[in-house]
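Asker: Coordinates in work-v2.cif, mmCIF, C-alpha atoms and all ligand atoms, are listed below.
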data_entry
loop_
_atom_site.group_PDB
_atom_site.id
_atom_site.type_symbol
_atom_site.label_atom_id
_atom_site.label_comp_id
_atom_site.auth_asym_id
_atom_site.auth_seq_id
_atom_site.Cartn_x
_atom_site.Cartn_y
_atom_site.Cartn_z
ATOM 1 C CA MET A 1 15.119 -56.910 82.519
ATOM 2 C CA GLY A 2 13.993 -59.443 79.953
ATOM 3 C CA ASP A 3 10.956 -57.455 78.827
ATOM 4 C CA SER A 4 10.623 -56.439 75.196
ATOM 5 C CA THR A 5 12.113 -53.041 75.920
ATOM 6 C CA SER A 6 15.378 -54.208 77.436
ATOM 7 C CA LEU A 7 18.433 -53.329 75.427
ATOM 8 C CA ALA A 8 20.375 -55.977 73.529
ATOM 9 C CA ALA A 9 24.057 -56.203 74.362
ATOM 10 C CA GLY A 10 26.268 -53.719 72.615
ATOM 11 C CA SER A 11 26.939 -50.076 72.969
ATOM 12 C CA TYR A 12 25.225 -47.376 71.013
ATOM 13 C CA VAL A 13 26.171 -43.785 70.500
ATOM 14 C CA ILE A 14 23.282 -41.409 69.863
ATOM 15 C CA ALA A 15 23.720 -37.777 68.861
ATOM 16 C CA VAL A 16 20.860 -35.446 69.751
ATOM 17 C CA ALA A 17 21.047 -32.806 67.058
ATOM 18 C CA ASN A 18 19.217 -29.943 65.398
ATOM 19 C CA GLN A 19 20.946 -26.776 64.249
ATOM 20 C CA LYS A 20 18.080 -24.731 65.685
ATOM 21 C CA GLY A 21 18.357 -23.596 69.278
ATOM 22 C CA GLY A 22 15.584 -24.013 71.817
ATOM 23 C CA VAL A 23 13.965 -27.055 70.214
ATOM 24 C CA GLY A 24 14.512 -29.409 73.164
ATOM 25 C CA LYS A 25 17.881 -31.043 72.417
ATOM 26 C CA THR A 26 19.248 -30.701 75.930
ATOM 27 C CA THR A 27 15.949 -31.565 77.584
ATOM 28 C CA THR A 28 15.792 -34.664 75.389
ATOM 29 C CA ALA A 29 19.393 -35.749 76.063
ATOM 30 C CA VAL A 30 18.976 -35.395 79.832
ATOM 31 C CA SER A 31 15.428 -36.783 80.108
ATOM 32 C CA LEU A 32 16.145 -39.736 77.820
ATOM 33 C CA GLY A 33 19.460 -40.401 79.517
ATOM 34 C CA ALA A 34 17.753 -40.649 82.896
ATOM 35 C CA GLU A 35 15.021 -42.898 81.484
ATOM 36 C CA LEU A 36 17.464 -45.231 79.749
ATOM 37 C CA ALA A 37 19.557 -45.400 82.934
ATOM 38 C CA ASP A 38 16.676 -47.441 84.322
ATOM 39 C CA ARG A 39 17.658 -50.328 82.050
ATOM 40 C CA ALA A 40 21.185 -49.565 80.825
ATOM 41 C CA ARG A 41 24.473 -47.909 81.740
ATOM 42 C CA VAL A 42 24.280 -44.462 80.222
ATOM 43 C CA LEU A 43 26.757 -41.672 79.564
ATOM 44 C CA ILE A 44 25.707 -38.173 78.540
ATOM 45 C CA VAL A 45 28.385 -36.291 76.617
ATOM 46 C CA ASP A 46 27.861 -32.519 76.769
ATOM 47 C CA LEU A 47 29.302 -31.037 73.586
ATOM 48 C CA ASP A 48 27.629 -27.634 73.850
ATOM 49 C CA PRO A 49 29.770 -24.686 75.093
ATOM 50 C CA GLN A 50 26.620 -23.441 76.845
ATOM 51 C CA ALA A 51 26.897 -26.548 79.053
ATOM 52 C CA ASN A 52 23.153 -26.766 79.649
ATOM 53 C CA ALA A 53 23.133 -30.544 79.982
ATOM 54 C CA THR A 54 25.879 -30.276 82.589
ATOM 55 C CA SER A 55 23.993 -27.720 84.692
ATOM 56 C CA SER A 56 20.678 -29.563 84.163
ATOM 57 C CA LEU A 57 22.266 -32.476 86.015
ATOM 58 C CA GLY A 58 23.168 -30.201 88.908
ATOM 59 C CA ILE A 59 26.848 -29.909 87.985
ATOM 60 C CA ASP A 60 28.328 -26.410 87.853
ATOM 61 C CA PRO A 61 30.165 -25.976 84.535
ATOM 62 C CA ARG A 62 32.227 -23.112 85.991
ATOM 63 C CA THR A 63 33.975 -25.423 88.468
ATOM 64 C CA PRO A 64 37.445 -26.100 87.049
ATOM 65 C CA ARG A 65 37.656 -29.699 85.914
ATOM 66 C CA ARG A 66 38.474 -31.694 82.831
ATOM 67 C CA SER A 67 35.742 -31.461 80.262
ATOM 68 C CA THR A 68 34.812 -32.527 76.759
ATOM 69 C CA TYR A 69 37.134 -29.716 75.645
ATOM 70 C CA ASP A 70 40.137 -31.712 76.902
ATOM 71 C CA LEU A 71 38.657 -34.847 75.359
ATOM 72 C CA LEU A 72 38.427 -33.262 71.906
ATOM 73 C CA LEU A 73 41.910 -31.775 72.070
ATOM 74 C CA GLY A 74 43.314 -35.157 73.083
ATOM 75 C CA ASP A 75 44.554 -33.882 76.437
ATOM 76 C CA ALA A 76 42.373 -36.224 78.483
ATOM 77 C CA SER A 77 40.794 -39.651 78.146
ATOM 78 C CA LEU A 78 37.101 -40.367 78.606
ATOM 79 C CA GLU A 79 37.887 -41.838 82.024
ATOM 80 C CA ASP A 80 39.618 -38.597 83.075
ATOM 81 C CA VAL A 81 36.611 -36.516 82.127
ATOM 82 C CA VAL A 82 33.597 -38.535 83.285
ATOM 83 C CA VAL A 83 31.799 -37.615 86.511
ATOM 84 C CA SER A 84 28.815 -39.262 88.183
ATOM 85 C CA SER A 85 25.478 -37.526 87.742
ATOM 86 C CA GLY A 86 24.457 -38.701 91.180
ATOM 87 C CA LEU A 87 21.932 -41.021 89.543
ATOM 88 C CA LEU A 88 22.591 -44.730 89.413
ATOM 89 C CA ASN A 89 23.868 -45.784 85.958
ATOM 90 C CA LEU A 90 24.014 -42.214 84.647
ATOM 91 C CA ASP A 91 27.400 -40.571 84.099
ATOM 92 C CA LEU A 92 28.298 -37.282 82.472
ATOM 93 C CA ALA A 93 31.199 -36.020 80.389
ATOM 94 C CA PRO A 94 30.719 -32.350 81.306
ATOM 95 C CA ALA A 95 31.168 -29.351 79.060
ATOM 96 C CA SER A 96 32.991 -26.177 79.960
ATOM 97 C CA ARG A 97 33.054 -22.691 78.511
ATOM 98 C CA ALA A 98 36.442 -23.536 76.999
ATOM 99 C CA LEU A 99 34.553 -25.594 74.414
ATOM 100 C CA SER A 100 33.683 -22.465 72.476
ATOM 101 C CA GLY A 101 37.420 -22.037 71.913
ATOM 102 C CA ALA A 102 37.699 -25.652 70.763
ATOM 103 C CA GLN A 103 35.653 -24.783 67.718
ATOM 104 C CA VAL A 104 38.508 -22.582 66.540
ATOM 105 C CA GLU A 105 41.367 -24.701 67.864
ATOM 106 C CA LEU A 106 40.073 -27.887 66.241
ATOM 107 C CA VAL A 107 40.237 -26.357 62.784
ATOM 108 C CA GLU A 108 44.022 -26.479 63.023
ATOM 109 C CA LEU A 109 44.213 -30.088 64.175
ATOM 110 C CA PRO A 110 44.424 -33.183 61.971
ATOM 111 C CA ASP A 111 41.316 -35.315 61.711
ATOM 112 C CA ARG A 112 39.335 -32.578 63.385
ATOM 113 C CA ASP A 113 35.917 -34.140 62.772
ATOM 114 C CA HIS A 114 36.833 -37.526 64.253
ATOM 115 C CA ARG A 115 38.282 -36.397 67.577
ATOM 116 C CA LEU A 116 35.233 -37.490 69.595
ATOM 117 C CA ALA A 117 34.853 -40.769 67.686
ATOM 118 C CA ARG A 118 38.434 -41.551 68.585
ATOM 119 C CA ALA A 119 37.953 -40.655 72.236
ATOM 120 C CA LEU A 120 34.862 -42.903 72.423
ATOM 121 C CA GLY A 121 36.378 -45.746 70.412
ATOM 122 C CA SER A 122 35.776 -46.096 66.685
ATOM 123 C CA PRO A 123 32.417 -47.495 65.533
ATOM 124 C CA ARG A 124 34.029 -50.744 64.393
ATOM 125 C CA GLU A 125 35.565 -51.258 67.792
ATOM 126 C CA ARG A 126 32.313 -50.495 69.507
ATOM 127 C CA SER A 127 29.689 -52.702 67.913
ATOM 128 C CA PRO A 128 30.730 -56.329 67.634
ATOM 129 C CA ARG A 129 27.217 -57.226 66.429
ATOM 130 C CA VAL A 130 27.557 -55.267 63.215
ATOM 131 C CA GLY A 131 29.075 -57.492 60.549
ATOM 132 C CA GLY A 132 29.314 -60.287 63.087
ATOM 133 C CA SER A 133 33.086 -60.023 63.472
ATOM 134 C CA PRO A 134 34.706 -59.671 66.865
ATOM 135 C CA PRO A 135 35.794 -56.159 67.734
ATOM 136 C CA SER A 136 39.285 -55.300 66.628
ATOM 137 C CA ASP A 137 41.012 -53.322 69.301
ATOM 138 C CA PRO A 138 44.416 -52.149 68.168
ATOM 139 C CA GLY A 139 44.538 -49.457 70.826
ATOM 140 C CA GLY A 140 44.192 -52.022 73.595
ATOM 141 C CA SER A 141 41.079 -50.496 75.143
ATOM 142 C CA THR A 142 37.560 -49.566 74.159
ATOM 143 C CA PRO A 143 36.836 -46.756 76.578
ATOM 144 C CA ASN A 144 33.102 -46.803 76.191
ATOM 145 C CA ALA A 145 32.738 -50.532 76.918
ATOM 146 C CA ALA A 146 31.559 -49.259 80.299
ATOM 147 C CA TYR A 147 28.354 -47.871 78.742
ATOM 148 C CA ASP A 148 25.418 -49.363 76.875
ATOM 149 C CA VAL A 149 24.219 -46.017 75.572
ATOM 150 C CA ILE A 150 26.116 -42.779 75.023
ATOM 151 C CA LEU A 151 23.952 -39.704 74.356
ATOM 152 C CA ILE A 152 25.661 -36.644 72.906
ATOM 153 C CA ASP A 153 24.082 -33.223 73.410
ATOM 154 C CA THR A 154 25.115 -30.832 70.646
ATOM 155 C CA PRO A 155 25.150 -27.048 70.152
ATOM 156 C CA PRO A 156 22.665 -25.232 67.910
ATOM 157 C CA SER A 157 24.846 -25.207 64.796
ATOM 158 C CA LEU A 158 26.234 -27.592 62.222
ATOM 159 C CA GLY A 159 29.825 -26.665 63.088
ATOM 160 C CA VAL A 160 32.779 -28.807 64.034
ATOM 161 C CA LEU A 161 31.347 -29.827 67.435
ATOM 162 C CA THR A 162 28.130 -31.201 65.933
ATOM 163 C CA LEU A 163 30.126 -32.861 63.132
ATOM 164 C CA ASN A 164 32.242 -34.596 65.779
ATOM 165 C CA ALA A 165 29.042 -35.879 67.383
ATOM 166 C CA LEU A 166 27.641 -37.103 64.040
ATOM 167 C CA ALA A 167 30.944 -38.753 63.133
ATOM 168 C CA ALA A 168 30.972 -40.640 66.446
ATOM 169 C CA ALA A 169 27.320 -41.692 66.436
ATOM 170 C CA ASP A 170 25.480 -44.809 65.355
ATOM 171 C CA GLY A 171 22.274 -42.858 65.161
ATOM 172 C CA VAL A 172 20.850 -39.406 65.536
ATOM 173 C CA VAL A 173 17.727 -38.268 67.345
ATOM 174 C CA VAL A 174 16.330 -34.998 66.032
ATOM 175 C CA PRO A 175 14.042 -33.030 68.356
ATOM 176 C CA VAL A 176 11.703 -30.822 66.355
ATOM 177 C CA GLN A 177 9.668 -28.113 67.999
ATOM 178 C CA CYS A 178 6.062 -28.065 66.841
ATOM 179 C CA GLU A 179 6.170 -24.531 65.471
ATOM 180 C CA TYR A 180 6.170 -22.565 62.222
ATOM 181 C CA LEU A 181 8.996 -23.412 59.756
ATOM 182 C CA ALA A 182 9.987 -26.555 61.649
ATOM 183 C CA LEU A 183 9.989 -28.570 58.442
ATOM 184 C CA GLU A 184 12.338 -26.164 56.706
ATOM 185 C CA GLY A 185 15.118 -26.644 59.239
ATOM 186 C CA LEU A 186 14.483 -30.377 59.215
ATOM 187 C CA GLY A 187 15.110 -30.562 55.465
ATOM 188 C CA GLN A 188 18.455 -28.863 55.933
ATOM 189 C CA LEU A 189 19.403 -31.265 58.700
ATOM 190 C CA VAL A 190 18.462 -34.336 56.660
ATOM 191 C CA GLU A 191 20.725 -33.040 53.864
ATOM 192 C CA THR A 192 23.556 -32.647 56.369
ATOM 193 C CA LEU A 193 23.025 -36.211 57.582
ATOM 194 C CA GLU A 194 23.355 -37.415 53.993
ATOM 195 C CA LEU A 195 26.577 -35.452 53.568
ATOM 196 C CA VAL A 196 27.934 -36.919 56.803
ATOM 197 C CA ARG A 197 26.997 -40.421 55.636
ATOM 198 C CA GLY A 198 28.863 -39.830 52.395
ATOM 199 C CA SER A 199 32.011 -38.638 54.087
ATOM 200 C CA LEU A 200 32.529 -38.857 57.836
ATOM 201 C CA ASN A 201 30.317 -41.737 58.917
ATOM 202 C CA PRO A 202 28.523 -44.080 56.483
ATOM 203 C CA ARG A 203 26.785 -45.943 59.315
ATOM 204 C CA LEU A 204 24.924 -42.949 60.724
ATOM 205 C CA ALA A 205 21.205 -43.763 61.007
ATOM 206 C CA LEU A 206 18.344 -41.382 61.514
ATOM 207 C CA LEU A 207 17.097 -43.072 64.667
ATOM 208 C CA GLY A 208 14.125 -40.848 65.197
ATOM 209 C CA ILE A 209 12.541 -37.452 64.767
ATOM 210 C CA LEU A 210 11.009 -36.413 68.082
ATOM 211 C CA LEU A 211 8.184 -33.883 68.143
ATOM 212 C CA THR A 212 8.663 -31.588 71.145
ATOM 213 C CA MET A 213 6.743 -28.838 72.936
ATOM 214 C CA HIS A 214 3.550 -30.036 71.376
ATOM 215 C CA ASP A 215 0.410 -28.220 72.457
ATOM 216 C CA PRO A 216 -2.651 -30.151 71.262
ATOM 217 C CA ARG A 217 -4.882 -27.114 71.872
ATOM 218 C CA THR A 218 -3.279 -25.055 69.122
ATOM 219 C CA ASN A 219 -3.911 -25.635 65.434
ATOM 220 C CA LEU A 220 -0.369 -24.727 64.495
ATOM 221 C CA SER A 221 1.139 -27.319 66.814
ATOM 222 C CA ASN A 222 -1.139 -30.030 65.396
ATOM 223 C CA GLN A 223 -0.507 -28.956 61.806
ATOM 224 C CA VAL A 224 3.261 -29.028 62.219
ATOM 225 C CA ALA A 225 3.122 -32.437 63.907
ATOM 226 C CA ASP A 226 0.948 -33.820 61.064
ATOM 227 C CA GLU A 227 3.207 -32.331 58.437
ATOM 228 C CA VAL A 228 6.391 -33.773 59.943
ATOM 229 C CA ARG A 229 4.744 -37.195 60.207
ATOM 230 C CA ARG A 230 3.586 -36.986 56.600
ATOM 231 C CA HIS A 231 7.082 -36.141 55.330
ATOM 232 C CA PHE A 232 8.932 -38.584 57.580
ATOM 233 C CA PRO A 233 6.451 -41.371 58.368
ATOM 234 C CA ALA A 234 9.007 -43.988 59.362
ATOM 235 C CA ALA A 235 11.514 -41.736 61.078
ATOM 236 C CA THR A 236 9.080 -39.783 63.268
ATOM 237 C CA LEU A 237 8.689 -41.379 66.681
ATOM 238 C CA GLY A 238 5.185 -42.198 67.876
ATOM 239 C CA ALA A 239 5.904 -40.587 71.224
ATOM 240 C CA THR A 240 5.358 -36.823 71.234
ATOM 241 C CA ILE A 241 6.670 -34.560 73.989
ATOM 242 C CA PRO A 242 4.012 -32.137 75.249
ATOM 243 C CA ARG A 243 4.736 -28.561 76.214
ATOM 244 C CA SER A 244 5.038 -28.855 79.973
ATOM 245 C CA VAL A 245 5.983 -26.409 82.694
ATOM 246 C CA ARG A 246 7.401 -29.258 84.760
ATOM 247 C CA LEU A 247 9.902 -30.058 81.985
ATOM 248 C CA SER A 248 11.045 -26.437 81.875
ATOM 249 C CA GLU A 249 11.405 -26.313 85.672
ATOM 250 C CA ALA A 250 13.461 -29.483 86.061
ATOM 251 C CA PRO A 251 16.866 -28.034 84.950
ATOM 252 C CA SER A 252 16.862 -25.331 87.626
ATOM 253 C CA HIS A 253 16.477 -28.099 90.202
ATOM 254 C CA GLY A 254 19.417 -29.952 88.669
ATOM 255 C CA ARG A 255 17.318 -33.059 88.183
ATOM 256 C CA PRO A 256 15.990 -34.963 85.182
ATOM 257 C CA ILE A 257 12.203 -35.051 84.885
ATOM 258 C CA ARG A 258 12.162 -38.718 85.902
ATOM 259 C CA LEU A 259 13.268 -37.598 89.369
ATOM 260 C CA TYR A 260 11.791 -34.110 89.484
ATOM 261 C CA ASP A 261 8.226 -35.140 88.686
ATOM 262 C CA PRO A 262 7.982 -38.785 87.626
ATOM 263 C CA SER A 263 4.206 -38.761 87.203
ATOM 264 C CA SER A 264 4.108 -35.655 84.999
ATOM 265 C CA ARG A 265 3.027 -35.864 81.365
ATOM 266 C CA GLY A 266 6.513 -34.837 80.290
ATOM 267 C CA ALA A 267 8.099 -37.693 82.234
ATOM 268 C CA GLU A 268 5.605 -40.170 80.791
ATOM 269 C CA ALA A 269 6.251 -38.932 77.266
ATOM 270 C CA TYR A 270 10.021 -39.301 77.632
ATOM 271 C CA ALA A 271 9.505 -42.775 79.107
ATOM 272 C CA ALA A 272 7.498 -43.741 76.020
ATOM 273 C CA CYS A 273 10.187 -42.220 73.826
ATOM 274 C CA ALA A 274 12.875 -44.241 75.620
ATOM 275 C CA ARG A 275 10.916 -47.477 75.053
ATOM 276 C CA GLU A 276 10.520 -46.731 71.376
ATOM 277 C CA LEU A 277 14.167 -45.824 70.922
ATOM 278 C CA THR A 278 15.235 -48.988 72.722
ATOM 279 C CA GLU A 279 13.299 -51.028 70.166
ATOM 280 C CA ARG A 280 14.903 -49.087 67.319
ATOM 281 C CA LEU A 281 18.371 -49.479 68.837
ATOM 282 C CA ASN A 282 17.859 -53.220 69.031
ATOM 283 C CA ARG A 283 17.264 -53.194 65.270
ATOM 284 C CA ILE A 284 20.137 -50.883 64.398
ATOM 285 C CA GLY A 285 22.582 -53.756 63.995
ATOM 286 C CA ASP A 286 20.383 -55.099 61.189
ATOM 287 C CA ARG A 287 20.370 -51.665 59.550
ATOM 288 C CA ASP A 288 16.612 -51.691 59.081
ATOM 289 C CA VAL A 289 15.985 -48.468 60.948
ATOM 290 C CA GLY A 290 14.130 -45.987 58.765
ATOM 291 C CA VAL A 291 16.506 -43.501 57.237
ATOM 292 C CA GLY A 292 15.194 -40.370 55.640
ATOM 293 C CA ALA A 293 11.623 -41.504 55.145
HETATM 294 N N1 LIG B 1 8.488 -30.032 76.314
HETATM 295 C C1 LIG B 1 8.799 -28.850 76.858
HETATM 296 N N2 LIG B 1 7.862 -28.076 77.445
HETATM 297 C C2 LIG B 1 8.188 -26.880 77.976
HETATM 298 N N3 LIG B 1 9.419 -26.371 77.981
HETATM 299 C C3 LIG B 1 10.404 -27.091 77.403
HETATM 300 C C4 LIG B 1 10.149 -28.369 76.816
HETATM 301 N N4 LIG B 1 11.326 -28.845 76.309
HETATM 302 C C5 LIG B 1 12.236 -27.909 76.579
HETATM 303 N N5 LIG B 1 11.709 -26.858 77.225
HETATM 304 C C6 LIG B 1 12.392 -25.624 77.650
HETATM 305 O O1 LIG B 1 12.652 -24.871 76.479
HETATM 306 C C7 LIG B 1 13.954 -24.310 76.523
HETATM 307 C C8 LIG B 1 14.801 -24.877 75.372
HETATM 308 O O2 LIG B 1 14.941 -26.277 75.551
HETATM 309 P P1 LIG B 1 16.360 -26.980 75.410
HETATM 310 O O3 LIG B 1 16.174 -28.418 75.714
HETATM 311 O O4 LIG B 1 17.387 -26.251 76.202
HETATM 312 O O5 LIG B 1 16.610 -26.774 73.844
HETATM 313 P P2 LIG B 1 17.971 -26.820 72.998
HETATM 314 O O6 LIG B 1 18.935 -27.682 73.740
HETATM 315 O O7 LIG B 1 17.558 -27.394 71.670
HETATM 316 O O8 LIG B 1 18.442 -25.405 72.871
HETATM 317 C C9 LIG B 1 14.515 -24.652 77.884
HETATM 318 O O9 LIG B 1 14.254 -23.583 78.742
HETATM 319 C C10 LIG B 1 13.720 -25.885 78.302
HETATM 320 O O10 LIG B 1 13.606 -25.990 79.706
HETATM 321 MG MG MG B 2 20.870 -27.245 74.388
#
Show this structure as structure tokens.

Answerer:
Amino acid sequence: MGDSTSLAAGSYVIAVANQKGGVGKTTTAVSLGAELADRARVLIVDLDPQANATSSLGIDPRTPRRSTYDLLLGDASLEDVVVSSGLLNLDLAPASRALSGAQVELVELPDRDHRLARALGSPRERSPRVGGSPPSDPGGSTPNAAYDVILIDTPPSLGVLTLNALAAADGVVVPVQCEYLALEGLGQLVETLELVRGSLNPRLALLGILLTMHDPRTNLSNQVADEVRRHFPAATLGATIPRSVRLSEAPSHGRPIRLYDPSSRGAEAYAACARELTERLNRIGDRDVGVGA
């Protein structure tokens, strides 16, 4: 601790989102979570009915237990749901298949887009540094005081589950696969973030666009990376995640890349990404994190 990449006090909620599937959201949530757990207390919240983050951490989503489904429906508290990942400082709020039903059930419930925010503690309760006032805590507890960073893995859609994540988050990390039409989907997502800022969560920052599955040997990969950087110079993270077999193998071993193959290029890239995000998080209280450009 004490180096320039240690995290200032406070707790931060980060949604990992992109409505496209297969772009590296889950890999990013799990790999970053494990990296950040080196310097902070981290919780990964699995909000995808496919439960890939849960199984990537070696936890079987078919085992009956309380999950983020119960959290969203208000039938369980964060404490009831959280399990240890087996890694020091890394906990998980697991998903279950029932979550796919939650998408329908939530539509009927009041305040359906703020269910997760409520379960995690409202943004004002969470971040005493913002605005400089002490946290108000009418409910008597701020459940996520136990964590410095909460990473939310989201499904490949902009439905009610992803909206819950965006409503609960201080910032969003957007993994973008270096492939054809990447920029098109990104434009749509940036519009959604603006809508969310105007309605559900004015404090939502675009923490970083993360280029994933980059293959420097192909022209297309390089072109897409250049194009994304040109359109979003401030938001795009310097760290780029290479296409790496080791990263794709790690989930089937139930281990984050930091444990599965710590010296691999993928692990090094996620470590660099974690350092960069830590610096951005430390600035988030001052609201000078690049948004949109
Ligand atoms: N950098 C990478 N290099 C190679 N394979 C990757 C990389 N990132 C993710 N993958 C693999 O690609 C697939 C999709 O990634 P995933 O993180 O599950 O995306 P999403 O959560 O956006 O659907 C998974 O099989 C994953 O293991
Ligand atoms: Mg996923």

Asker: Calculated over all atoms listed in the file, which of the candidates A:Ile59, A:Leu207, A:Val45, A:Ala93 has the smallest distance to Val81 (chain A)?

Answerer: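 Among the listed residues, A:Ala93 lies closest to Val81 (chain A).
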
Asker: Which residues are close to Glu194 (chain A), i.e. within 12 Å by only C-alpha atoms, leaving aside same-chain residues fewer than 4 positions away? Reply as an NGL selection string.

Answerer: :A and (166-167 or 172 or 187-190 or 198-206 or 291-292)

Asker: Using the chain letters and numbering of this document, enumerate as a list in words the residues selected by the PyMOL selection byres (((not hetatm)) within 6 of (chain B and resi 2)).

Answerer: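 After applying the PyMOL selection byres (((not hetatm)) within 6 of (chain B and resi 2)), what remains is Lys25, Thr26 and Asn52 of chain A.
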
Asker: Under the PyMOL selection byres (((not hetatm)) within 10 of (chain B and resi 1)), which residues of this model are included? Write them out as a count of residues only.

Answerer: 54

Asker: Identify which of the residues A:Asp148, A:Arg197, A:Asn222, A:Leu72 lies closest to Tyr180 (chain A), counting only C-alpha atoms when measuring atom-to-atom distances.

Answerer: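 Between A:Asp148, A:Arg197, A:Asn222, A:Leu72, the residue approaching Tyr180 (chain A) most closely is A:Asn222.
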
Asker: For this structure, which residues satisfy the selection - the PyMOL selection byres (((chain A and resi 65) around 12) and not hetatm) - when it is evaluated on the file as given? I want them as a list in words.

Answerer: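 Checking the PyMOL selection byres (((chain A and resi 65) around 12) and not hetatm) against this file, the residues are Ile59, Asp60, Pro61, Arg62, Thr63, Pro64, Arg66, Ser67, Thr68, Tyr69, Asp70, Leu71, Ala76, Asp80, Val81, Val82, Val83, Ala93, Pro94, Ala95, Ser96, Arg97 and Ala98 of chain A.
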
Asker: Take the residues from that selection and write them out as a PDB file, in the frame of the given file, keeping C-alpha atoms.

Answerer:
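This went into result_31.pdb:
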ATOM      1  CA  ILE A  59      26.848 -29.909  87.985  1.00  0.00           C
ATOM      2  CA  ASP A  60      28.328 -26.410  87.853  1.00  0.00           C
ATOM      3  CA  PRO A  61      30.165 -25.976  84.535  1.00  0.00           C
ATOM      4  CA  ARG A  62      32.227 -23.112  85.991  1.00  0.00           C
ATOM      5  CA  THR A  63      33.975 -25.423  88.468  1.00  0.00           C
ATOM      6  CA  PRO A  64      37.445 -26.100  87.049  1.00  0.00           C
ATOM      7  CA  ARG A  66      38.474 -31.694  82.831  1.00  0.00           C
ATOM      8  CA  SER A  67      35.742 -31.461  80.262  1.00  0.00           C
ATOM      9  CA  THR A  68      34.812 -32.527  76.759  1.00  0.00           C
ATOM     10  CA  TYR A  69      37.134 -29.716  75.645  1.00  0.00           C
ATOM     11  CA  ASP A  70      40.137 -31.712  76.902  1.00  0.00           C
ATOM     12  CA  LEU A  71      38.657 -34.847  75.359  1.00  0.00           C
ATOM     13  CA  ALA A  76      42.373 -36.224  78.483  1.00  0.00           C
ATOM     14  CA  ASP A  80      39.618 -38.597  83.075  1.00  0.00           C
ATOM     15  CA  VAL A  81      36.611 -36.516  82.127  1.00  0.00           C
ATOM     16  CA  VAL A  82      33.597 -38.535  83.285  1.00  0.00           C
ATOM     17  CA  VAL A  83      31.799 -37.615  86.511  1.00  0.00           C
ATOM     18  CA  ALA A  93      31.199 -36.020  80.389  1.00  0.00           C
ATOM     19  CA  PRO A  94      30.719 -32.350  81.306  1.00  0.00           C
ATOM     20  CA  ALA A  95      31.168 -29.351  79.060  1.00  0.00           C
ATOM     21  CA  SER A  96      32.991 -26.177  79.960  1.00  0.00           C
ATOM     22  CA  ARG A  97      33.054 -22.691  78.511  1.00  0.00           C
ATOM     23  CA  ALA A  98      36.442 -23.536  76.999  1.00  0.00           C
TER      24      ALA A  98
END

Asker: Can you tell me, as an MDAnalysis selection string, what residues are no more than 12 Å from Glu276 (chain A) when counting only C-alpha atoms, ignoring any on the same chain fewer than 2 positions away?

Answerer: chainID A and resid 4:7 32 35:36 173 207:210 235:240 269:274 278:283 289

Asker: Could you write out that same residue set with C-alpha atoms as a PDB file, in the coordinates of the input?

Answerer:
ATOM      1  CA  SER A   4      10.623 -56.439  75.196  1.00  0.00           C
ATOM      2  CA  THR A   5      12.113 -53.041  75.920  1.00  0.00           C
ATOM      3  CA  SER A   6      15.378 -54.208  77.436  1.00  0.00           C
ATOM      4  CA  LEU A   7      18.433 -53.329  75.427  1.00  0.00           C
ATOM      5  CA  LEU A  32      16.145 -39.736  77.820  1.00  0.00           C
ATOM      6  CA  GLU A  35      15.021 -42.898  81.484  1.00  0.00           C
ATOM      7  CA  LEU A  36      17.464 -45.231  79.749  1.00  0.00           C
ATOM      8  CA  VAL A 173      17.727 -38.268  67.345  1.00  0.00           C
ATOM      9  CA  LEU A 207      17.097 -43.072  64.667  1.00  0.00           C
ATOM     10  CA  GLY A 208      14.125 -40.848  65.197  1.00  0.00           C
ATOM     11  CA  ILE A 209      12.541 -37.452  64.767  1.00  0.00           C
ATOM     12  CA  LEU A 210      11.009 -36.413  68.082  1.00  0.00           C
ATOM     13  CA  ALA A 235      11.514 -41.736  61.078  1.00  0.00           C
ATOM     14  CA  THR A 236       9.080 -39.783  63.268  1.00  0.00           C
ATOM     15  CA  LEU A 237       8.689 -41.379  66.681  1.00  0.00           C
ATOM     16  CA  GLY A 238       5.185 -42.198  67.876  1.00  0.00           C
ATOM     17  CA  ALA A 239       5.904 -40.587  71.224  1.00  0.00           C
ATOM     18  CA  THR A 240       5.358 -36.823  71.234  1.00  0.00           C
ATOM     19  CA  ALA A 269       6.251 -38.932  77.266  1.00  0.00           C
ATOM     20  CA  TYR A 270      10.021 -39.301  77.632  1.00  0.00           C
ATOM     21  CA  ALA A 271       9.505 -42.775  79.107  1.00  0.00           C
ATOM     22  CA  ALA A 272       7.498 -43.741  76.020  1.00  0.00           C
ATOM     23  CA  CYS A 273      10.187 -42.220  73.826  1.00  0.00           C
ATOM     24  CA  ALA A 274      12.875 -44.241  75.620  1.00  0.00           C
ATOM     25  CA  THR A 278      15.235 -48.988  72.722  1.00  0.00           C
ATOM     26  CA  GLU A 279      13.299 -51.028  70.166  1.00  0.00           C
ATOM     27  CA  ARG A 280      14.903 -49.087  67.319  1.00  0.00           C
ATOM     28  CA  LEU A 281      18.371 -49.479  68.837  1.00  0.00           C
ATOM     29  CA  ASN A 282      17.859 -53.220  69.031  1.00  0.00           C
ATOM     30  CA  ARG A 283      17.264 -53.194  65.270  1.00  0.00           C
ATOM     31  CA  VAL A 289      15.985 -48.468  60.948  1.00  0.00           C
TER      32      VAL A 289
END

Asker: Take every atom of region 244-255 of chain A listed in the file, pad by 8 Å on each side, and give me the axis-aligned box centre and edge lengths in Å, one decimal, as lines of an AutoDock Vina configuration file.

Answerer:
center_x = 12.2
center_y = -29.2
center_z = 85.1
size_x = 30.4
size_y = 23.7
size_z = 26.2

Asker: Report, in Å with one decimal, the straight-line distance from CA of Leu151 (chain A) to CA of Ala119 (chain A).

Answerer: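 Separation between CA of Leu151 (chain A) and CA of Ala119 (chain A): 14.2 Å.
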